Amino acid sequence: MNELSSILSAPVAQLGASTVTLGQLLAAAATLFLVLLVALIAALWRAANARAAAAAEAADHARDAEARMAGILQAQAEMQGRLGAVAEVFGARQAELTQSIGQRLDAMTGRIGQTMTEQTKSTHESLAKLQERLAVIDTAQGNIQSLAGQVVQLQAILSNKQTRGAFGQSRMEAIVADGLPHGAYEFQATLSNGNRPDCVVKMPNGAPSLVIDAKFPLEAWNAIRAAADIEGSEAQKYAAQAFRRDLEVHIKAISEKYLINGETQDTAFLFVPSESIFAEIHENFESIVHRAHKARIVIVSPSLLMLSIQVIQAILKDASMREQAHLIQGEVIRLMEDVSRLDDRVRKLQTHFGQASKDIDDILVSSSKVTKRGQKIEALEFGTPGAEPAEIVAAQAQARSADSRTGQLRLRVVDEADA
């Protein structure tokens, strides 16, 4: 016991003038453990109360739902009883109407199913074509290095400005014409401000058009390539500055000429006809890319333009599918209008049936009055001269009964003595 007391009283740490013993440290740890245990028990108790409250609320909601469902079922039963009375009288007519509606619904369902099947098939085909083209793009990316070796031959073709513009324009036109249907684009279109961009892509649902420019300043780029073969960094520096200046001027011109509020999109495409030039711009001229983004101009290579055109093509197809869905919705709305008219006619028929029933009740009241008046006349006991008793009885019997012309109403006067 003395050893345990000595161990517990052994100092463990020194905090200023106070000495912390092992017993004090263990007591503090036990106190902290008890506090944590109490906090855990309180948290568990609160969670149990919350779960119980949630369960009670869910039970209340379930009871309310059951009560509403019972009311709905009761109303449905009453409606079924009323409709059953009408169905017994007009069963044949209802069968014909049901058959006609069934035929129209079957025909409409068949047309809707056929349309949805065709649209699904068209969507799958479009996705398959998109995947094939993406695979072609991946293959083209693998061939970029081999195509870079042919840049020297391409420079001979792009030696003058007119040849360069024709080459970039033709390549851009080939990509756009291959990816979009006829009528979804227009080359050399005239805008409201009189400017004529290289290509205008018409967006669906009346959205503003997308402008594509293919006039890339290749002279400054050729100057950079030529300066790379000359020793000394000054020539390369001046060529890079000239290229940056020319490209910034061209980006500003596109932003001022082709970005028209309400007529064109907020973003325009600057087409670069070479993947190697596109990669070089993003690698060594990042400031130009940022300036183009601020001016809402996107620099695109042939592969990126092809991918963008495919996305626009998918948007156009989706808009076409939405138009077909609108037609289907219109057919469904017209079908609901037919059902509404059928309900109105059934209600009118029910009103006519109620009026006929009231007329029959009035006829029965009138016949009752006639019967009473006949009984009063019979009570006067008028005699017929020279008539035999049997003939008198037959005449009275004939007078006491009356048949209607249609045979549906037969009134008989009953004598109180016979009754």
# chains A, B, ... in the order shown; residues from 1 in each chain; ligands from 1

$ select_by_dssp --residues "region 188-384 of chain A" --states "helix (DSSP H, G or I)" --output "short mmCIF file (atom, residue, chain, number, x, y, z; two decimals) with N, CA and C atoms, in the first residue's frame"
data_model
loop_
_atom_site.label_atom_id
_atom_site.label_comp_id
_atom_site.auth_asym_id
_atom_site.auth_seq_id
_atom_site.Cartn_x
_atom_site.Cartn_y
_atom_site.Cartn_z
N LEU A 218 -0.43 34.21 -90.50
CA LEU A 218 0.65 33.23 -90.64
C LEU A 218 2.00 33.89 -90.96
N GLU A 219 2.02 35.15 -91.47
CA GLU A 219 3.30 35.77 -91.81
C GLU A 219 4.17 35.93 -90.57
N ALA A 220 3.57 36.41 -89.47
CA ALA A 220 4.34 36.58 -88.24
C ALA A 220 4.83 35.23 -87.71
N TRP A 221 4.01 34.19 -87.89
CA TRP A 221 4.44 32.85 -87.44
C TRP A 221 5.62 32.36 -88.28
N ASN A 222 5.58 32.60 -89.57
CA ASN A 222 6.71 32.21 -90.43
C ASN A 222 7.96 32.98 -90.05
N ALA A 223 7.78 34.24 -89.62
CA ALA A 223 8.93 35.02 -89.17
C ALA A 223 9.57 34.40 -87.92
N ILE A 224 8.73 33.89 -87.01
CA ILE A 224 9.27 33.22 -85.81
C ILE A 224 10.06 31.98 -86.22
N ARG A 225 9.52 31.19 -87.15
CA ARG A 225 10.23 29.99 -87.62
C ARG A 225 11.55 30.36 -88.30
N ALA A 226 11.53 31.44 -89.07
CA ALA A 226 12.77 31.86 -89.73
C ALA A 226 13.79 32.37 -88.72
N ALA A 227 13.33 33.09 -87.66
CA ALA A 227 14.25 33.59 -86.64
C ALA A 227 14.84 32.48 -85.81
N ALA A 228 14.14 31.34 -85.73
CA ALA A 228 14.68 30.23 -84.95
C ALA A 228 15.95 29.66 -85.57
N SER A 233 19.29 35.74 -79.81
CA SER A 233 17.94 35.76 -79.26
C SER A 233 17.17 37.02 -79.64
N GLU A 234 17.82 38.08 -80.14
CA GLU A 234 17.13 39.32 -80.45
C GLU A 234 16.13 39.14 -81.58
N ALA A 235 16.54 38.43 -82.63
CA ALA A 235 15.65 38.23 -83.76
C ALA A 235 14.43 37.40 -83.34
N GLN A 236 14.65 36.38 -82.54
CA GLN A 236 13.52 35.58 -82.07
C GLN A 236 12.60 36.41 -81.17
N LYS A 237 13.20 37.28 -80.35
CA LYS A 237 12.39 38.11 -79.46
C LYS A 237 11.52 39.07 -80.26
N TYR A 238 12.11 39.74 -81.27
CA TYR A 238 11.33 40.66 -82.09
C TYR A 238 10.24 39.94 -82.88
N ALA A 239 10.57 38.74 -83.39
CA ALA A 239 9.57 37.98 -84.15
C ALA A 239 8.41 37.56 -83.24
N ALA A 240 8.73 37.15 -82.02
CA ALA A 240 7.67 36.75 -81.08
C ALA A 240 6.79 37.95 -80.73
N GLN A 241 7.43 39.14 -80.54
CA GLN A 241 6.64 40.33 -80.24
C GLN A 241 5.73 40.71 -81.40
N ALA A 242 6.28 40.61 -82.63
CA ALA A 242 5.45 40.93 -83.79
C ALA A 242 4.28 39.96 -83.93
N PHE A 243 4.54 38.66 -83.68
CA PHE A 243 3.47 37.66 -83.76
C PHE A 243 2.40 37.93 -82.70
N ARG A 244 2.85 38.27 -81.49
CA ARG A 244 1.90 38.55 -80.41
C ARG A 244 1.07 39.80 -80.74
N ARG A 245 1.73 40.82 -81.29
CA ARG A 245 1.01 42.04 -81.63
C ARG A 245 -0.01 41.80 -82.74
N ASP A 246 0.39 41.07 -83.79
CA ASP A 246 -0.53 40.80 -84.90
C ASP A 246 -1.73 39.97 -84.44
N LEU A 247 -1.46 38.97 -83.60
CA LEU A 247 -2.56 38.11 -83.14
C LEU A 247 -3.50 38.88 -82.21
N GLU A 248 -2.95 39.78 -81.38
CA GLU A 248 -3.82 40.58 -80.51
C GLU A 248 -4.69 41.53 -81.33
N VAL A 249 -4.11 42.12 -82.38
CA VAL A 249 -4.89 43.01 -83.25
C VAL A 249 -6.01 42.22 -83.94
N HIS A 250 -5.69 41.00 -84.39
CA HIS A 250 -6.71 40.18 -85.06
C HIS A 250 -7.82 39.76 -84.09
N ILE A 251 -7.46 39.42 -82.86
CA ILE A 251 -8.46 39.06 -81.85
C ILE A 251 -9.37 40.25 -81.55
N LYS A 252 -8.78 41.44 -81.42
CA LYS A 252 -9.59 42.63 -81.16
C LYS A 252 -10.54 42.91 -82.33
N ALA A 253 -10.06 42.71 -83.56
CA ALA A 253 -10.92 42.94 -84.73
C ALA A 253 -12.09 41.97 -84.75
N ILE A 254 -11.85 40.71 -84.42
CA ILE A 254 -12.94 39.73 -84.38
C ILE A 254 -13.96 40.13 -83.32
N SER A 255 -13.48 40.55 -82.14
CA SER A 255 -14.38 40.92 -81.06
C SER A 255 -15.24 42.13 -81.43
N GLU A 256 -14.66 43.10 -82.15
CA GLU A 256 -15.40 44.31 -82.50
C GLU A 256 -16.34 44.09 -83.68
N LYS A 257 -15.97 43.24 -84.63
CA LYS A 257 -16.76 43.08 -85.85
C LYS A 257 -17.85 42.03 -85.74
N TYR A 258 -17.57 40.93 -85.07
CA TYR A 258 -18.44 39.77 -85.16
C TYR A 258 -19.25 39.49 -83.91
N GLU A 275 -2.39 21.80 -86.19
CA GLU A 275 -2.32 21.36 -84.79
C GLU A 275 -1.01 21.78 -84.14
N SER A 276 0.09 21.80 -84.91
CA SER A 276 1.39 22.18 -84.34
C SER A 276 1.41 23.66 -83.95
N ILE A 277 0.82 24.53 -84.80
CA ILE A 277 0.76 25.96 -84.45
C ILE A 277 -0.11 26.16 -83.22
N PHE A 278 -1.23 25.44 -83.15
CA PHE A 278 -2.12 25.53 -81.99
C PHE A 278 -1.38 25.13 -80.71
N ALA A 279 -0.62 24.02 -80.76
CA ALA A 279 0.12 23.58 -79.58
C ALA A 279 1.21 24.58 -79.20
N GLU A 280 1.87 25.18 -80.19
CA GLU A 280 2.94 26.15 -79.92
C GLU A 280 2.36 27.40 -79.26
N ILE A 281 1.19 27.84 -79.72
CA ILE A 281 0.57 29.04 -79.12
C ILE A 281 0.24 28.80 -77.66
N HIS A 282 -0.33 27.66 -77.33
CA HIS A 282 -0.69 27.37 -75.95
C HIS A 282 0.54 27.09 -75.08
N GLU A 283 1.63 26.74 -75.68
CA GLU A 283 2.82 26.42 -74.89
C GLU A 283 3.68 27.65 -74.65
N ASN A 284 3.85 28.51 -75.66
CA ASN A 284 4.79 29.62 -75.55
C ASN A 284 4.12 31.00 -75.53
N GLU A 286 1.05 31.97 -73.77
CA GLU A 286 -0.10 31.81 -72.88
C GLU A 286 -0.84 33.13 -72.66
N SER A 287 -0.11 34.25 -72.72
CA SER A 287 -0.76 35.55 -72.52
C SER A 287 -1.77 35.84 -73.63
N ILE A 288 -1.44 35.41 -74.86
CA ILE A 288 -2.38 35.62 -75.97
C ILE A 288 -3.65 34.81 -75.74
N VAL A 289 -3.49 33.59 -75.23
CA VAL A 289 -4.66 32.74 -74.95
C VAL A 289 -5.54 33.39 -73.90
N HIS A 290 -4.93 33.95 -72.83
CA HIS A 290 -5.71 34.62 -71.79
C HIS A 290 -6.40 35.86 -72.34
N ARG A 291 -5.69 36.64 -73.19
CA ARG A 291 -6.30 37.83 -73.77
C ARG A 291 -7.48 37.45 -74.68
N ALA A 292 -7.33 36.35 -75.41
CA ALA A 292 -8.43 35.89 -76.26
C ALA A 292 -9.63 35.47 -75.42
N HIS A 293 -9.38 34.81 -74.29
CA HIS A 293 -10.49 34.42 -73.42
C HIS A 293 -11.20 35.66 -72.85
N LYS A 294 -10.44 36.70 -72.48
CA LYS A 294 -11.07 37.91 -71.98
C LYS A 294 -11.90 38.59 -73.06
N PRO A 302 -8.01 22.22 -85.86
CA PRO A 302 -8.95 21.40 -86.64
C PRO A 302 -9.66 20.33 -85.81
N SER A 303 -8.93 19.67 -84.90
CA SER A 303 -9.57 18.63 -84.10
C SER A 303 -10.58 19.23 -83.13
N LEU A 304 -10.25 20.37 -82.50
CA LEU A 304 -11.20 21.00 -81.57
C LEU A 304 -12.41 21.55 -82.31
N LEU A 305 -12.19 22.09 -83.51
CA LEU A 305 -13.33 22.56 -84.29
C LEU A 305 -14.23 21.40 -84.68
N MET A 306 -13.62 20.27 -85.05
CA MET A 306 -14.42 19.10 -85.40
C MET A 306 -15.23 18.62 -84.20
N LEU A 307 -14.62 18.60 -83.03
CA LEU A 307 -15.34 18.19 -81.82
C LEU A 307 -16.46 19.17 -81.49
N SER A 308 -16.22 20.48 -81.64
CA SER A 308 -17.26 21.48 -81.37
C SER A 308 -18.42 21.33 -82.34
N ILE A 309 -18.10 21.07 -83.62
CA ILE A 309 -19.15 20.89 -84.61
C ILE A 309 -19.98 19.65 -84.29
N GLN A 310 -19.34 18.60 -83.81
CA GLN A 310 -20.09 17.40 -83.43
C GLN A 310 -21.00 17.67 -82.24
N VAL A 311 -20.54 18.49 -81.29
CA VAL A 311 -21.39 18.85 -80.15
C VAL A 311 -22.60 19.66 -80.64
N ILE A 312 -22.36 20.60 -81.56
CA ILE A 312 -23.48 21.39 -82.11
C ILE A 312 -24.44 20.48 -82.86
N GLN A 313 -23.90 19.49 -83.59
CA GLN A 313 -24.76 18.55 -84.29
C GLN A 313 -25.64 17.77 -83.32
N ALA A 314 -25.05 17.35 -82.19
CA ALA A 314 -25.86 16.66 -81.17
C ALA A 314 -26.94 17.59 -80.61
N ILE A 315 -26.61 18.89 -80.44
CA ILE A 315 -27.61 19.85 -79.94
C ILE A 315 -28.75 20.00 -80.94
N LEU A 316 -28.41 20.07 -82.24
CA LEU A 316 -29.44 20.19 -83.27
C LEU A 316 -30.34 18.96 -83.28
N LYS A 317 -29.75 17.78 -83.15
CA LYS A 317 -30.56 16.56 -83.12
C LYS A 317 -31.44 16.53 -81.89
N ASP A 318 -30.90 17.00 -80.76
CA ASP A 318 -31.72 17.04 -79.54
C ASP A 318 -32.89 18.00 -79.71
N ALA A 319 -32.64 19.15 -80.37
CA ALA A 319 -33.74 20.10 -80.62
C ALA A 319 -34.80 19.48 -81.53
N SER A 320 -34.34 18.70 -82.54
CA SER A 320 -35.31 18.03 -83.41
C SER A 320 -36.14 17.02 -82.63
N MET A 321 -35.49 16.27 -81.73
CA MET A 321 -36.21 15.31 -80.91
C MET A 321 -37.21 16.02 -79.98
N ARG A 322 -36.84 17.19 -79.49
CA ARG A 322 -37.77 17.94 -78.63
C ARG A 322 -38.98 18.40 -79.43
N GLU A 323 -38.76 18.76 -80.71
CA GLU A 323 -39.90 19.13 -81.55
C GLU A 323 -40.84 17.94 -81.73
N GLN A 324 -40.29 16.75 -81.96
CA GLN A 324 -41.13 15.56 -82.08
C GLN A 324 -41.87 15.30 -80.77
N ALA A 325 -41.19 15.48 -79.64
CA ALA A 325 -41.85 15.29 -78.35
C ALA A 325 -43.00 16.28 -78.19
N HIS A 326 -42.84 17.49 -78.71
CA HIS A 326 -43.93 18.47 -78.65
C HIS A 326 -45.13 17.99 -79.46
N LEU A 327 -44.88 17.37 -80.63
CA LEU A 327 -45.99 16.84 -81.41
C LEU A 327 -46.72 15.73 -80.65
N ILE A 328 -45.94 14.86 -80.01
CA ILE A 328 -46.55 13.78 -79.22
C ILE A 328 -47.37 14.37 -78.08
N GLN A 329 -46.83 15.39 -77.44
CA GLN A 329 -47.57 16.02 -76.35
C GLN A 329 -48.87 16.64 -76.86
N GLY A 330 -48.81 17.23 -78.08
CA GLY A 330 -50.03 17.79 -78.65
C GLY A 330 -51.08 16.73 -78.91
N GLU A 331 -50.65 15.54 -79.41
CA GLU A 331 -51.60 14.45 -79.63
C GLU A 331 -52.23 13.99 -78.32
N VAL A 332 -51.40 13.92 -77.27
CA VAL A 332 -51.94 13.51 -75.97
C VAL A 332 -52.93 14.54 -75.45
N ILE A 333 -52.62 15.83 -75.67
CA ILE A 333 -53.54 16.88 -75.21
C ILE A 333 -54.87 16.78 -75.95
N ARG A 334 -54.81 16.52 -77.27
CA ARG A 334 -56.06 16.37 -78.03
C ARG A 334 -56.83 15.14 -77.56
N LEU A 335 -56.10 14.08 -77.21
CA LEU A 335 -56.78 12.89 -76.68
C LEU A 335 -57.49 13.21 -75.37
N MET A 336 -56.85 13.99 -74.49
CA MET A 336 -57.49 14.36 -73.24
C MET A 336 -58.71 15.26 -73.50
N GLU A 337 -58.62 16.10 -74.54
CA GLU A 337 -59.80 16.91 -74.88
C GLU A 337 -60.96 16.03 -75.32
N ASP A 338 -60.67 14.97 -76.10
CA ASP A 338 -61.74 14.04 -76.50
C ASP A 338 -62.35 13.35 -75.28
N VAL A 339 -61.50 12.95 -74.34
CA VAL A 339 -62.00 12.31 -73.13
C VAL A 339 -62.86 13.29 -72.33
N SER A 340 -62.44 14.58 -72.29
CA SER A 340 -63.24 15.58 -71.58
C SER A 340 -64.61 15.77 -72.23
N ARG A 341 -64.61 15.81 -73.58
CA ARG A 341 -65.91 15.93 -74.26
C ARG A 341 -66.78 14.71 -73.99
N LEU A 342 -66.17 13.52 -73.96
CA LEU A 342 -66.94 12.32 -73.64
C LEU A 342 -67.54 12.41 -72.24
N ASP A 343 -66.78 12.94 -71.27
CA ASP A 343 -67.30 13.09 -69.92
C ASP A 343 -68.47 14.07 -69.89
N ASP A 344 -68.34 15.19 -70.64
CA ASP A 344 -69.44 16.16 -70.68
C ASP A 344 -70.70 15.54 -71.28
N ARG A 345 -70.53 14.74 -72.32
CA ARG A 345 -71.70 14.12 -72.95
C ARG A 345 -72.36 13.10 -72.03
N VAL A 346 -71.55 12.34 -71.29
CA VAL A 346 -72.11 11.38 -70.34
C VAL A 346 -72.88 12.11 -69.25
N ARG A 347 -72.33 13.25 -68.80
CA ARG A 347 -73.05 14.02 -67.78
C ARG A 347 -74.36 14.58 -68.33
N LYS A 348 -74.36 15.04 -69.58
CA LYS A 348 -75.60 15.51 -70.19
C LYS A 348 -76.61 14.37 -70.31
N LEU A 349 -76.10 13.18 -70.70
CA LEU A 349 -76.98 12.02 -70.81
C LEU A 349 -77.58 11.67 -69.45
N GLN A 350 -76.75 11.80 -68.41
CA GLN A 350 -77.26 11.53 -67.06
C GLN A 350 -78.35 12.54 -66.69
N THR A 351 -78.18 13.81 -67.12
CA THR A 351 -79.19 14.84 -66.85
C THR A 351 -80.50 14.51 -67.57
N HIS A 352 -80.38 14.07 -68.87
CA HIS A 352 -81.59 13.70 -69.61
C HIS A 352 -82.29 12.51 -68.95
N PHE A 353 -81.50 11.55 -68.46
CA PHE A 353 -82.09 10.40 -67.80
C PHE A 353 -82.84 10.82 -66.54
N GLY A 354 -82.25 11.76 -65.78
CA GLY A 354 -82.94 12.24 -64.58
C GLY A 354 -84.23 12.98 -64.93
N GLN A 355 -84.19 13.76 -66.05
CA GLN A 355 -85.40 14.46 -66.47
C GLN A 355 -86.49 13.49 -66.90
N ALA A 356 -86.11 12.41 -67.63
CA ALA A 356 -87.09 11.40 -68.04
C ALA A 356 -87.71 10.70 -66.82
N SER A 357 -86.88 10.42 -65.82
CA SER A 357 -87.39 9.80 -64.60
C SER A 357 -88.40 10.72 -63.90
N LYS A 358 -88.11 12.03 -63.91
CA LYS A 358 -89.03 12.98 -63.28
C LYS A 358 -90.36 13.04 -64.05
N ASP A 359 -90.26 12.99 -65.41
CA ASP A 359 -91.48 13.00 -66.22
C ASP A 359 -92.34 11.77 -65.92
N ILE A 360 -91.70 10.61 -65.78
CA ILE A 360 -92.45 9.38 -65.47
C ILE A 360 -93.14 9.51 -64.11
N ASP A 361 -92.47 10.12 -63.13
CA ASP A 361 -93.09 10.31 -61.81
C ASP A 361 -94.30 11.24 -61.93
N ASP A 362 -94.20 12.29 -62.77
CA ASP A 362 -95.34 13.18 -62.95
C ASP A 362 -96.52 12.46 -63.60
N ILE A 363 -96.20 11.58 -64.60
CA ILE A 363 -97.27 10.80 -65.25
C ILE A 363 -97.96 9.89 -64.25
N LEU A 364 -97.16 9.26 -63.38
CA LEU A 364 -97.76 8.39 -62.37
C LEU A 364 -98.67 9.18 -61.42
N VAL A 365 -98.28 10.41 -61.08
CA VAL A 365 -99.13 11.24 -60.23
C VAL A 365 -100.44 11.56 -60.93
N SER A 366 -100.32 11.92 -62.25
CA SER A 366 -101.54 12.22 -63.01
C SER A 366 -102.46 11.00 -63.11
N SER A 367 -101.86 9.82 -63.37
CA SER A 367 -102.68 8.60 -63.46
C SER A 367 -103.34 8.28 -62.13
N SER A 368 -102.64 8.57 -61.05
CA SER A 368 -103.25 8.33 -59.73
C SER A 368 -104.47 9.23 -59.53
N LYS A 369 -104.33 10.50 -59.97
CA LYS A 369 -105.48 11.39 -59.85
C LYS A 369 -106.65 10.92 -60.71
N VAL A 370 -106.34 10.46 -61.96
CA VAL A 370 -107.41 9.94 -62.83
C VAL A 370 -108.09 8.74 -62.20
N THR A 371 -107.31 7.88 -61.58
CA THR A 371 -107.88 6.69 -60.93
C THR A 371 -108.82 7.08 -59.80
N LYS A 372 -108.39 8.06 -59.00
CA LYS A 372 -109.24 8.49 -57.90
C LYS A 372 -110.55 9.09 -58.42
N ARG A 373 -110.42 9.91 -59.49
CA ARG A 373 -111.65 10.49 -60.04
C ARG A 373 -112.58 9.40 -60.61
N GLY A 374 -112.01 8.36 -61.25
CA GLY A 374 -112.82 7.25 -61.77
C GLY A 374 -113.52 6.51 -60.64
N GLN A 375 -112.84 6.33 -59.54
CA GLN A 375 -113.47 5.67 -58.39
C GLN A 375 -114.65 6.49 -57.86
N LYS A 376 -114.46 7.83 -57.86
CA LYS A 376 -115.57 8.66 -57.39
C LYS A 376 -116.77 8.56 -58.34
N ILE A 377 -116.49 8.56 -59.69
CA ILE A 377 -117.60 8.44 -60.66
C ILE A 377 -118.28 7.08 -60.53
N GLU A 378 -117.50 6.04 -60.32
CA GLU A 378 -118.06 4.69 -60.18
C GLU A 378 -118.92 4.58 -58.93
#

$ select_by_dssp --residues "region 169-400 of chain A" --states "strand (DSSP E)" --output "list in words"
Tyr185, Glu186, Phe187, Cys199, Val200, Val201, Leu210, Val211, Ile212, Asp213, Ala268, Phe269, Leu270, Phe271, Ile297, Val298, Ile299 and Val300 of chain A

$ closest_residue --among "A:Gly71, A:Asp64, A:Asp178, A:Glu186" --to "Arg133 (chain A)" --atoms "only C-alpha atoms"
A:Asp178

$ atom_distance --atom1 "CA of Gly262 (chain A)" --atom2 "CA of Pro217 (chain A)"
28.7 Å

$ atom_distance --atom1 "CA of Leu270 (chain A)" --atom2 "CA of Asp198 (chain A)"
10.2 Å

$ atom_distance --atom1 "CA of Glu96 (chain A)" --atom2 "CA of Ala77 (chain A)"
24.3 Å
